[in-house]
>>> print(open('model.tsv').read())   # TSV, C-alpha atoms
chain	number	residue	atom	x	y	z
A	1	MET	CA	0.00	0.00	0.00
A	2	LYS	CA	1.38	3.41	-0.99
A	3	GLY	CA	1.87	6.11	1.57
A	4	LYS	CA	-0.06	9.33	1.92
A	5	ARG	CA	0.17	12.02	-0.73
A	6	GLY	CA	2.62	13.96	1.43
A	7	ASP	CA	4.94	10.93	1.47
A	8	VAL	CA	5.31	10.84	-2.30
A	9	GLY	CA	5.66	14.55	-3.02
A	10	LYS	CA	4.04	15.93	-6.14
A	11	ARG	CA	4.46	12.98	-8.51
A	12	PHE	CA	0.77	12.16	-8.99
A	13	ILE	CA	-1.53	15.05	-8.14
A	14	PRO	CA	-0.37	17.45	-10.91
A	15	THR	CA	-1.29	14.88	-13.54
A	16	TYR	CA	-4.63	14.19	-11.87
A	17	ASP	CA	-5.36	17.92	-11.58
A	18	ARG	CA	-4.67	18.39	-15.30
A	19	MET	CA	-7.00	15.53	-16.15
A	20	THR	CA	-9.83	16.97	-14.03
A	21	ARG	CA	-9.43	20.39	-15.64
A	22	LYS	CA	-9.65	18.78	-19.07
A	23	ALA	CA	-12.78	16.94	-17.96
A	24	THR	CA	-14.63	20.11	-16.94
A	25	SER	CA	-13.50	21.89	-20.09
A	26	THR	CA	-14.90	19.02	-22.14
A	27	VAL	CA	-18.27	19.39	-20.39
A	28	ILE	CA	-18.68	23.07	-21.23
A	29	ASP	CA	-17.36	22.62	-24.78
A	30	THR	CA	-19.89	19.82	-25.32
A	31	TYR	CA	-22.96	21.48	-23.88
A	32	SER	CA	-22.65	25.25	-24.42
A	33	SER	CA	-20.83	26.80	-27.35
A	34	SER	CA	-21.87	30.30	-26.21
A	35	PHE	CA	-20.52	30.05	-22.67
A	36	SER	CA	-17.47	28.12	-23.85
A	37	LEU	CA	-16.67	30.94	-26.27
A	38	ALA	CA	-17.18	33.63	-23.62
A	39	THR	CA	-14.86	31.86	-21.15
A	40	ARG	CA	-12.02	32.12	-23.66
A	41	LEU	CA	-11.92	35.85	-22.96
A	42	LEU	CA	-11.19	35.23	-19.27
A	43	GLY	CA	-7.81	34.99	-17.63
A	44	LYS	CA	-6.47	31.47	-17.21
A	45	ARG	CA	-7.53	31.06	-13.58
A	46	GLU	CA	-10.99	32.56	-13.97
A	47	ARG	CA	-11.58	30.59	-17.16
A	48	GLN	CA	-10.85	27.29	-15.47
A	49	ASP	CA	-12.89	28.13	-12.38
A	50	ILE	CA	-15.93	29.06	-14.48
A	51	ARG	CA	-15.56	25.82	-16.44
A	52	ASN	CA	-15.32	23.85	-13.20
A	53	LEU	CA	-18.49	25.48	-11.91
A	54	TYR	CA	-20.34	24.96	-15.19
A	55	ALA	CA	-19.50	21.26	-15.24
A	56	MET	CA	-20.93	20.68	-11.76
A	57	VAL	CA	-24.13	22.54	-12.65
A	58	ARG	CA	-24.43	20.76	-16.00
A	59	ILE	CA	-24.30	17.33	-14.41
A	60	ALA	CA	-27.08	18.26	-11.99
A	61	ASP	CA	-29.11	19.49	-14.98
A	62	GLU	CA	-28.57	16.18	-16.75
A	63	ILE	CA	-29.91	14.28	-13.75
A	64	VAL	CA	-33.24	16.13	-13.81
A	65	ASP	CA	-33.61	16.96	-17.50
A	66	GLY	CA	-34.10	13.47	-18.88
A	67	THR	CA	-30.66	11.94	-19.28
A	68	ALA	CA	-30.88	9.79	-16.15
A	69	ALA	CA	-34.41	8.72	-17.08
A	70	GLU	CA	-33.33	7.89	-20.63
A	71	ALA	CA	-30.58	5.73	-19.16
A	72	GLY	CA	-33.29	3.70	-17.42
A	73	CYS	CA	-33.50	5.29	-13.95
A	74	THR	CA	-36.88	5.27	-12.24
A	75	ASP	CA	-38.33	8.48	-10.80
A	76	GLU	CA	-37.23	7.38	-7.35
A	77	GLN	CA	-33.71	6.65	-8.56
A	78	VAL	CA	-33.50	10.07	-10.19
A	79	ARG	CA	-34.46	11.70	-6.88
A	80	GLU	CA	-31.87	9.60	-5.07
A	81	LEU	CA	-29.21	10.55	-7.63
A	82	LEU	CA	-29.93	14.26	-7.18
A	83	ASP	CA	-29.90	14.01	-3.38
A	84	HIS	CA	-26.64	12.07	-3.45
A	85	TYR	CA	-25.04	14.46	-5.92
A	86	GLU	CA	-25.95	17.45	-3.75
A	87	GLU	CA	-24.32	15.76	-0.77
A	88	MET	CA	-21.17	15.08	-2.78
A	89	VAL	CA	-21.03	18.64	-4.14
A	90	LEU	CA	-21.39	20.17	-0.68
A	91	GLY	CA	-18.86	17.78	0.83
A	92	ALA	CA	-16.24	17.90	-1.93
A	93	PRO	CA	-14.36	21.05	-0.79
A	94	ALA	CA	-13.52	19.42	2.56
A	95	MET	CA	-11.40	16.77	0.83
A	96	PRO	CA	-8.16	17.56	-1.04
A	97	PHE	CA	-8.83	14.67	-3.44
A	98	HIS	CA	-12.04	13.47	-5.06
A	99	PRO	CA	-12.45	10.36	-7.28
A	100	ASP	CA	-15.00	12.23	-9.44
A	101	PRO	CA	-12.94	14.45	-11.80
A	102	VAL	CA	-15.59	17.17	-12.05
A	103	LEU	CA	-16.03	17.40	-8.28
A	104	HIS	CA	-12.27	17.36	-7.71
A	105	ALA	CA	-11.90	20.40	-9.99
A	106	TYR	CA	-15.01	22.10	-8.65
A	107	ALA	CA	-13.84	21.67	-5.04
A	108	ASP	CA	-10.58	23.42	-5.88
A	109	THR	CA	-12.58	26.36	-7.22
A	110	VAL	CA	-14.76	26.52	-4.09
A	111	ARG	CA	-11.74	26.55	-1.81
A	112	ARG	CA	-10.08	29.31	-3.81
A	113	CYS	CA	-13.11	31.50	-4.50
A	114	GLY	CA	-15.37	31.01	-1.49
A	115	ILE	CA	-18.54	29.90	-3.27
A	116	GLU	CA	-21.24	29.84	-0.61
A	117	ASP	CA	-22.99	26.62	0.46
A	118	GLU	CA	-26.35	28.43	0.60
A	119	HIS	CA	-26.08	29.29	-3.08
A	120	VAL	CA	-25.40	25.64	-3.84
A	121	ARG	CA	-28.38	24.53	-1.74
A	122	ALA	CA	-30.63	27.06	-3.48
A	123	PHE	CA	-29.53	25.67	-6.84
A	124	PHE	CA	-30.39	22.12	-5.85
A	125	ARG	CA	-33.75	23.21	-4.44
A	126	SER	CA	-34.68	24.47	-7.87
A	127	MET	CA	-33.36	21.34	-9.57
A	128	ARG	CA	-35.48	19.26	-7.20
A	129	ARG	CA	-38.59	21.20	-8.23
A	130	ASP	CA	-38.07	20.00	-11.79
A	131	LEU	CA	-38.79	16.48	-10.55
A	132	THR	CA	-42.23	17.30	-9.17
A	133	GLU	CA	-43.54	20.59	-10.62
A	134	THR	CA	-44.66	21.14	-14.19
A	135	THR	CA	-46.24	24.61	-14.01
A	136	TYR	CA	-45.27	27.82	-12.23
A	137	ASP	CA	-47.09	31.00	-11.33
A	138	HIS	CA	-45.10	34.24	-11.27
A	139	ASP	CA	-43.99	33.95	-7.64
A	140	ALA	CA	-43.01	30.31	-8.01
A	141	LEU	CA	-41.06	31.12	-11.17
A	142	ASP	CA	-39.15	33.87	-9.38
A	143	GLU	CA	-38.18	31.38	-6.66
A	144	TYR	CA	-37.19	28.79	-9.23
A	145	VAL	CA	-35.12	31.23	-11.29
A	146	TYR	CA	-33.32	32.47	-8.18
A	147	GLY	CA	-32.05	28.96	-7.50
A	148	SER	CA	-31.57	27.78	-11.06
A	149	ALA	CA	-29.84	30.87	-12.43
A	150	GLU	CA	-29.43	33.91	-10.19
A	151	VAL	CA	-27.25	32.05	-7.69
A	152	ILE	CA	-25.12	30.79	-10.59
A	153	GLY	CA	-24.47	34.43	-11.41
A	154	LEU	CA	-23.51	34.99	-7.78
A	155	MET	CA	-21.15	32.00	-7.86
A	156	CYS	CA	-19.54	33.41	-11.01
A	157	LEU	CA	-19.15	36.74	-9.25
A	158	SER	CA	-17.34	35.01	-6.38
A	159	ILE	CA	-14.91	33.65	-8.95
A	160	PHE	CA	-14.37	37.01	-10.66
A	161	LEU	CA	-13.77	38.84	-7.37
A	162	ALA	CA	-11.62	36.19	-5.65
A	163	ASP	CA	-8.44	38.21	-6.20
A	164	HIS	CA	-10.05	41.63	-6.52
A	165	PRO	CA	-11.29	43.38	-3.36
A	166	VAL	CA	-14.11	45.85	-4.02
A	167	ASP	CA	-16.00	48.36	-1.90
A	168	ASP	CA	-19.48	47.64	-0.57
A	169	ALA	CA	-21.26	49.93	-3.04
A	170	ASP	CA	-19.66	48.32	-6.09
A	171	ARG	CA	-20.26	44.85	-4.69
A	172	GLU	CA	-23.94	45.61	-4.17
A	173	THR	CA	-24.26	46.79	-7.77
A	174	MET	CA	-22.45	43.72	-9.08
A	175	VAL	CA	-24.57	41.35	-6.97
A	176	ALA	CA	-27.74	42.89	-8.41
A	177	GLY	CA	-26.26	42.70	-11.91
A	178	ALA	CA	-25.24	39.06	-11.51
A	179	ARG	CA	-28.73	38.11	-10.42
A	180	SER	CA	-30.38	40.06	-13.24
A	181	LEU	CA	-28.11	38.54	-15.87
A	182	GLY	CA	-28.66	35.03	-14.55
A	183	ALA	CA	-32.41	35.56	-14.64
A	184	ALA	CA	-32.25	36.89	-18.20
A	185	PHE	CA	-30.19	33.95	-19.44
A	186	GLN	CA	-32.56	31.47	-17.81
A	187	LYS	CA	-35.70	33.06	-19.22
A	188	ILE	CA	-34.24	33.26	-22.72
A	189	ASN	CA	-33.44	29.56	-22.53
A	190	PHE	CA	-36.99	28.82	-21.35
A	191	LEU	CA	-38.36	30.64	-24.39
A	192	ARG	CA	-36.07	29.10	-26.99
A	193	ASP	CA	-36.36	25.62	-25.41
A	194	LEU	CA	-40.14	25.81	-25.41
A	195	ALA	CA	-40.58	22.83	-27.73
A	196	GLU	CA	-38.36	20.57	-25.60
A	197	ASP	CA	-39.60	21.74	-22.20
A	198	THR	CA	-43.28	21.48	-23.10
A	199	GLY	CA	-43.28	18.66	-25.61
A	200	GLU	CA	-40.67	16.32	-24.12
A	201	LEU	CA	-40.40	17.21	-20.42
A	202	GLY	CA	-43.98	18.35	-19.84
A	203	ARG	CA	-42.95	21.62	-18.16
A	204	THR	CA	-44.45	25.08	-18.59
A	205	TYR	CA	-42.33	27.68	-16.83
A	206	PHE	CA	-44.19	30.82	-17.95
A	207	ASP	CA	-47.57	31.31	-16.33
A	208	GLU	CA	-48.73	33.08	-19.50
A	209	LEU	CA	-48.38	29.80	-21.41
A	210	ASP	CA	-50.21	27.54	-18.95
A	211	GLY	CA	-52.96	26.20	-21.18
A	212	HIS	CA	-52.21	28.74	-23.90
A	213	ALA	CA	-50.16	28.69	-27.09
A	214	LEU	CA	-47.31	31.14	-27.58
A	215	THR	CA	-48.60	34.20	-29.41
A	216	GLU	CA	-46.83	37.33	-30.62
A	217	PRO	CA	-48.16	39.49	-27.75
A	218	ILE	CA	-47.12	36.90	-25.16
A	219	LYS	CA	-43.73	36.43	-26.82
A	220	ASN	CA	-43.05	40.17	-26.86
A	221	LYS	CA	-44.16	40.57	-23.25
A	222	LEU	CA	-41.73	37.83	-22.16
A	223	LEU	CA	-38.91	39.34	-24.21
A	224	ASP	CA	-39.59	42.80	-22.77
A	225	ASP	CA	-39.07	41.32	-19.29
A	226	ILE	CA	-35.88	39.58	-20.41
A	227	ASP	CA	-34.51	42.72	-22.04
A	228	ALA	CA	-35.22	44.69	-18.86
A	229	ASN	CA	-33.15	42.16	-16.88
A	230	VAL	CA	-30.31	42.52	-19.37
A	231	ALA	CA	-30.45	46.31	-19.16
A	232	ASP	CA	-30.22	46.13	-15.36
A	233	ALA	CA	-27.23	43.78	-15.63
A	234	ARG	CA	-25.34	46.02	-18.04
A	235	VAL	CA	-25.01	48.68	-15.32
A	236	ALA	CA	-22.73	46.35	-13.36
A	237	ILE	CA	-20.49	45.05	-16.16
A	238	PRO	CA	-18.06	48.02	-16.20
A	239	LEU	CA	-17.35	47.39	-12.50
A	240	LEU	CA	-16.07	43.88	-13.12
A	241	PRO	CA	-12.31	43.33	-13.05
A	242	GLY	CA	-10.22	43.02	-16.19
A	243	ALA	CA	-10.91	40.10	-18.46
A	244	ALA	CA	-14.13	39.23	-16.64
A	245	ARG	CA	-15.57	42.45	-18.03
A	246	GLY	CA	-15.03	41.33	-21.62
A	247	ALA	CA	-16.26	37.79	-21.04
A	248	VAL	CA	-19.47	38.87	-19.33
A	249	LEU	CA	-20.08	41.52	-21.99
A	250	ALA	CA	-19.60	38.86	-24.67
A	251	ALA	CA	-22.07	36.49	-23.01
A	252	THR	CA	-24.53	39.35	-22.52
A	253	ASN	CA	-24.29	40.43	-26.15
A	254	LEU	CA	-24.65	36.85	-27.37
A	255	PHE	CA	-27.91	36.46	-25.48
A	256	THR	CA	-29.03	39.93	-26.60
A	257	GLU	CA	-28.57	38.74	-30.17
A	258	LEU	CA	-30.60	35.63	-29.34
A	259	SER	CA	-33.35	37.83	-27.90
A	260	LYS	CA	-33.34	39.83	-31.13
A	261	LYS	CA	-33.66	36.65	-33.19
A	262	LEU	CA	-36.54	35.45	-31.05
A	263	ARG	CA	-38.35	38.75	-31.63
A	264	GLU	CA	-37.87	38.34	-35.36
A	265	THR	CA	-39.06	34.72	-35.37
A	266	PRO	CA	-42.81	34.01	-35.57
A	267	ALA	CA	-44.23	32.72	-32.30
A	268	GLU	CA	-45.53	29.53	-33.90
A	269	ARG	CA	-42.02	28.66	-35.09
A	270	ILE	CA	-40.47	29.22	-31.65
A	271	ALA	CA	-42.98	26.72	-30.27
A	272	VAL	CA	-41.51	23.94	-32.43
A	273	THR	CA	-37.93	25.00	-33.27
A	274	ARG	CA	-34.90	25.88	-31.15
A	275	ILE	CA	-33.58	29.24	-32.34
A	276	ARG	CA	-29.79	29.62	-32.47
A	277	VAL	CA	-27.13	32.21	-33.18
A	278	GLY	CA	-24.68	30.94	-35.80
A	279	SER	CA	-21.03	30.31	-34.94
A	280	PRO	CA	-19.59	33.09	-37.18
A	281	LYS	CA	-21.94	35.61	-35.59
A	282	LYS	CA	-20.99	34.40	-32.11
A	283	ALA	CA	-17.29	34.83	-32.89
A	284	LEU	CA	-17.89	38.35	-34.20
A	285	ILE	CA	-19.90	39.33	-31.11
A	286	ALA	CA	-17.26	37.93	-28.76
A	287	GLY	CA	-14.45	39.71	-30.58
A	288	ARG	CA	-16.25	43.04	-30.51
A	289	ALA	CA	-17.02	42.62	-26.80
A	290	ALA	CA	-13.38	42.01	-25.99
A	291	VAL	CA	-12.32	45.15	-27.86
A	292	THR	CA	-15.10	47.25	-26.32
A	293	ALA	CA	-14.30	46.12	-22.78
A	294	ALA	CA	-10.59	46.79	-23.24
A	295	ARG	CA	-11.17	50.28	-24.63
A	296	THR	CA	-13.78	51.52	-22.20
A	297	GLY	CA	-12.87	49.82	-18.91
A	298	ARG	CA	-14.82	51.11	-15.95
A	299	ALA	CA	-16.03	54.10	-17.95
A	300	GLY	CA	-18.89	51.97	-19.24
A	301	PHE	CA	-20.21	50.96	-22.61
>>> encode(input="model.tsv", output="structure tokens")
Amino acid sequence: MKGKRGDVGKRFIPTYDRMTRKATSTVIDTYSSSFSLATRLLGKRERQDIRNLYAMVRIADEIVDGTAAEAGCTDEQVRELLDHYEEMVLGAPAMPFHPDPVLHAYADTVRRCGIEDEHVRAFFRSMRRDLTETTYDHDALDEYVYGSAEVIGLMCLSIFLADHPVDDADRETMVAGARSLGAAFQKINFLRDLAEDTGELGRTYFDELDGHALTEPIKNKLLDDIDANVADARVAIPLLPGAARGAVLAATNLFTELSKKLRETPAERIAVTRIRVGSPKKALIAGRAAVTAARTGRAGF
């Protein structure tokens, strides 16, 4: 039996760490071309931490969004998987090594950046609702979106500010911005994933669509709300440090372009087709965001 890690120096853990970082990068590259592109504008440390966080969140999503069921898990097994995964996620930072590559990398990020347990618990509360609830009124949706998206924005903010002390006023503005941007991203995904959520998963997140088809007035009302969230978030972007400013601006502008495309697309098509922004357009938006952020800095956009 080999001795403890301290007895063998640094022969093994650097290789394992590299493998876990590759694993989380593979997750984000596989599941989100938009966020993967935006992370490339971050500094090396922030980029890896965001990818580590995304991978943890993505796996939880896969548990509740049909992948576990498609693999043959019963409803009870899916609930058990989610409960067990939450326990592992919350416990991972206490151990310097984890046999799950994603959780090993994620735990390193938590220890470095101080991601709060309550934000993690709020996220899993919302994921758990996906197992039992299929419709939401406005208050219930606000609660769901807080856990499914706003706290993810707050976790990202913890990563961006880990090495950058800020005053209380700026932090308050950035917290509000992170929550607004998370909410906007989530609601845009609800709208463009309407066919999958309603047709395949049996979920209706928008109260306006409970028992009703998507119409142009309803679509525009939902997009007005989303655009208002984005506008609120933009106030905070200039306060973000360095490369984080460009990356968040790129992600914001990518989803703004998606909002524009949804406005231009007939409601009946959105109900059956997932609307996308093409790769060349994404690259152009990201490049422009990087230049804009570098030129303007904290002066704003």
>>> axis_aligned_box(input="model.tsv", around="region 60-68 of chain A", padding_each_side="6 Å", output="AutoDock Vina command-line options")
--center_x -30.6 --center_y 14.6 --center_z -15.6 --size_x 19.0 --size_y 21.7 --size_z 19.3
>>> residues_around(input="model.tsv", residues="Leu284 (chain A)", least_positions_apart="4", cutoff="10 Å", atoms="all atoms listed in the file", output="list in words")
Ala250, Leu254, Ser279, Pro280, Arg288 and Ala289 of chain A
>>> residues_around(input="model.tsv", residues="Val151 (chain A)", least_positions_apart="6", cutoff="8 Å", atoms="only C-alpha atoms", output="list in words")
His119, Val120, Ala122, Phe123, Arg179 and Gly182 of chain A
>>> closest_residue(input="model.tsv", among="A:Val248, A:Ala69, A:Ile285, A:Ala149", to="Ser180 (chain A)", atoms="all atoms listed in the file")
A:Ala149
>>> closest_atom_pairs(input="model.tsv", of="region 117-152 of chain A", to="region 89-103 of chain A", cutoff="10 Å", atoms="all atoms listed in the file", output="tab-separated table")
residue	atom	partner	partner_atom	distance
A:Asp117	CA	A:Leu90	CA	6.7
A:Glu118	CA	A:Leu90	CA	9.7
A:Val120	CA	A:Leu90	CA	7.5
A:Arg121	CA	A:Leu90	CA	8.3
>>> closest_residue(input="model.tsv", among="A:His84, A:Ala176, A:Ala283, A:Tyr205", to="Arg40 (chain A)", atoms="all atoms listed in the file")
A:Ala283
>>> closest_residue(input="model.tsv", among="A:Val291, A:Ala55, A:Val166, A:Met155", to="Ser36 (chain A)", atoms="all atoms listed in the file")
A:Ala55
>>> closest_residue(input="model.tsv", among="A:Leu223, A:Leu53, A:Ala68, A:Ala23", to="Ser158 (chain A)", atoms="only C-alpha atoms")
A:Leu53
>>> residues_near_point(input="model.tsv", point="(-50.9, 28.3, -21.6)", cutoff="12 Å", atoms="all atoms listed in the file", output="list in words")
Thr135, Tyr136, Asp137, Leu194, Thr198, Arg203, Thr204, Tyr205, Phe206, Asp207, Glu208, Leu209, Asp210, Gly211, His212, Ala213, Leu214, Thr215, Ile218 and Ala271 of chain A
>>> residues_around(input="model.tsv", residues="Met174 (chain A)", least_positions_apart="5", cutoff="9 Å", atoms="all atoms listed in the file", output="PyMOL selection string")
chain A and resi 154+157+169+179+233+235-237+239-240
>>> atom_distance(input="model.tsv", atom1="CA of Arg274 (chain A)", atom2="CA of Arg47 (chain A)")
27.6 Å
>>> residues_around(input="model.tsv", residues="Asp130 (chain A)", least_positions_apart="5", cutoff="10 Å", atoms="only C-alpha atoms", output="list in words")
Asp61, Val64, Asp65, Phe124, Arg125, Thr135, Tyr144, Leu201 and Arg203 of chain A
>>> atom_distance(input="model.tsv", atom1="CA of Tyr54 (chain A)", atom2="CA of Asp168 (chain A)")
27.0 Å
>>> closest_residue(input="model.tsv", among="A:Asn253, A:Thr30, A:Asn189, A:Ser25", to="Ala231 (chain A)", atoms="all atoms listed in the file")
A:Asn253
>>> residues_around(input="model.tsv", residues="Phe160 (chain A)", least_positions_apart="6", cutoff="9 Å", atoms="all atoms listed in the file", output="list in words")
Glu46, Ile50, Cys113, Leu240, Pro241 and Ala244 of chain A
>>> closest_residue(input="model.tsv", among="A:Ala107, A:Met127, A:Val272, A:Leu161", to="Arg79 (chain A)", atoms="only C-alpha atoms")
A:Met127
>>> atom_distance(input="model.tsv", atom1="CA of Thr26 (chain A)", atom2="CA of Ala105 (chain A)")
12.6 Å
>>> residues_near_point(input="model.tsv", point="(-21.8, 29.6, -27.4)", cutoff="10 Å", atoms="only C-alpha atoms", output="list in words")
Ile28, Asp29, Tyr31, Ser32, Ser33, Ser34, Phe35, Ser36, Leu37, Ala38, Thr39, Ala250, Ala251, Leu254, Phe255, Arg276, Val277, Gly278, Ser279, Lys282, Ala283 and Ala286 of chain A
>>> write_last_selection(input="model.tsv", atoms="C-alpha atoms", output="PDB file, in the coordinates of the input")
ATOM      1  CA  ILE A  28     -18.680  23.070 -21.230  1.00  0.00           C
ATOM      2  CA  ASP A  29     -17.360  22.620 -24.780  1.00  0.00           C
ATOM      3  CA  TYR A  31     -22.960  21.480 -23.880  1.00  0.00           C
ATOM      4  CA  SER A  32     -22.650  25.250 -24.420  1.00  0.00           C
ATOM      5  CA  SER A  33     -20.830  26.800 -27.350  1.00  0.00           C
ATOM      6  CA  SER A  34     -21.870  30.300 -26.210  1.00  0.00           C
ATOM      7  CA  PHE A  35     -20.520  30.050 -22.670  1.00  0.00           C
ATOM      8  CA  SER A  36     -17.470  28.120 -23.850  1.00  0.00           C
ATOM      9  CA  LEU A  37     -16.670  30.940 -26.270  1.00  0.00           C
ATOM     10  CA  ALA A  38     -17.180  33.630 -23.620  1.00  0.00           C
ATOM     11  CA  THR A  39     -14.860  31.860 -21.150  1.00  0.00           C
ATOM     12  CA  ALA A 250     -19.600  38.860 -24.670  1.00  0.00           C
ATOM     13  CA  ALA A 251     -22.070  36.490 -23.010  1.00  0.00           C
ATOM     14  CA  LEU A 254     -24.650  36.850 -27.370  1.00  0.00           C
ATOM     15  CA  PHE A 255     -27.910  36.460 -25.480  1.00  0.00           C
ATOM     16  CA  ARG A 276     -29.790  29.620 -32.470  1.00  0.00           C
ATOM     17  CA  VAL A 277     -27.130  32.210 -33.180  1.00  0.00           C
ATOM     18  CA  GLY A 278     -24.680  30.940 -35.800  1.00  0.00           C
ATOM     19  CA  SER A 279     -21.030  30.310 -34.940  1.00  0.00           C
ATOM     20  CA  LYS A 282     -20.990  34.400 -32.110  1.00  0.00           C
ATOM     21  CA  ALA A 283     -17.290  34.830 -32.890  1.00  0.00           C
ATOM     22  CA  ALA A 286     -17.260  37.930 -28.760  1.00  0.00           C
TER      23      ALA A 286
END
>>> decode(input="model.tsv", residues="region 272-286 of chain A", atoms="N, CA, C and O atoms", output="compact mmCIF listing (two decimals), in the first residue's frame")
# COMPACT_ATOMS: atom_id res chain seq x y z
N VAL A 272 -41.90 25.26 -31.90
CA VAL A 272 -41.51 23.94 -32.43
C VAL A 272 -40.05 23.86 -32.81
O VAL A 272 -39.54 22.77 -33.13
N THR A 273 -39.32 24.97 -32.79
CA THR A 273 -37.93 25.00 -33.27
C THR A 273 -37.05 25.74 -32.28
O THR A 273 -37.43 26.79 -31.75
N ARG A 274 -35.86 25.21 -32.03
CA ARG A 274 -34.90 25.88 -31.15
C ARG A 274 -34.11 26.90 -31.97
O ARG A 274 -33.39 26.54 -32.90
N ILE A 275 -34.24 28.16 -31.62
CA ILE A 275 -33.58 29.24 -32.34
C ILE A 275 -32.13 29.37 -31.86
O ILE A 275 -31.86 29.33 -30.66
N ARG A 276 -31.22 29.54 -32.80
CA ARG A 276 -29.79 29.62 -32.47
C ARG A 276 -29.15 30.84 -33.11
O ARG A 276 -29.64 31.36 -34.11
N VAL A 277 -28.01 31.22 -32.57
CA VAL A 277 -27.13 32.21 -33.18
C VAL A 277 -25.98 31.44 -33.82
O VAL A 277 -25.35 30.60 -33.17
N GLY A 278 -25.71 31.69 -35.09
CA GLY A 278 -24.68 30.94 -35.80
C GLY A 278 -23.28 31.19 -35.26
O GLY A 278 -23.00 32.24 -34.68
N SER A 279 -22.40 30.22 -35.46
CA SER A 279 -21.03 30.31 -34.94
C SER A 279 -20.26 31.53 -35.44
O SER A 279 -19.57 32.20 -34.65
N PRO A 280 -20.32 31.88 -36.74
CA PRO A 280 -19.59 33.09 -37.18
C PRO A 280 -20.08 34.34 -36.48
O PRO A 280 -19.27 35.21 -36.11
N LYS A 281 -21.39 34.45 -36.29
CA LYS A 281 -21.94 35.61 -35.59
C LYS A 281 -21.49 35.63 -34.14
O LYS A 281 -21.15 36.68 -33.58
N LYS A 282 -21.46 34.47 -33.50
CA LYS A 282 -20.99 34.40 -32.11
C LYS A 282 -19.55 34.89 -32.00
O LYS A 282 -19.21 35.65 -31.09
N ALA A 283 -18.70 34.44 -32.92
CA ALA A 283 -17.29 34.83 -32.89
C ALA A 283 -17.15 36.34 -33.07
O ALA A 283 -16.33 36.99 -32.39
N LEU A 284 -17.94 36.91 -33.96
CA LEU A 284 -17.89 38.35 -34.20
C LEU A 284 -18.32 39.12 -32.95
O LEU A 284 -17.68 40.10 -32.55
N ILE A 285 -19.39 38.67 -32.32
CA ILE A 285 -19.90 39.33 -31.11
C ILE A 285 -18.86 39.25 -29.99
O ILE A 285 -18.60 40.25 -29.30
N ALA A 286 -18.26 38.09 -29.82
CA ALA A 286 -17.26 37.93 -28.76
C ALA A 286 -16.05 38.82 -29.01
O ALA A 286 -15.53 39.46 -28.08
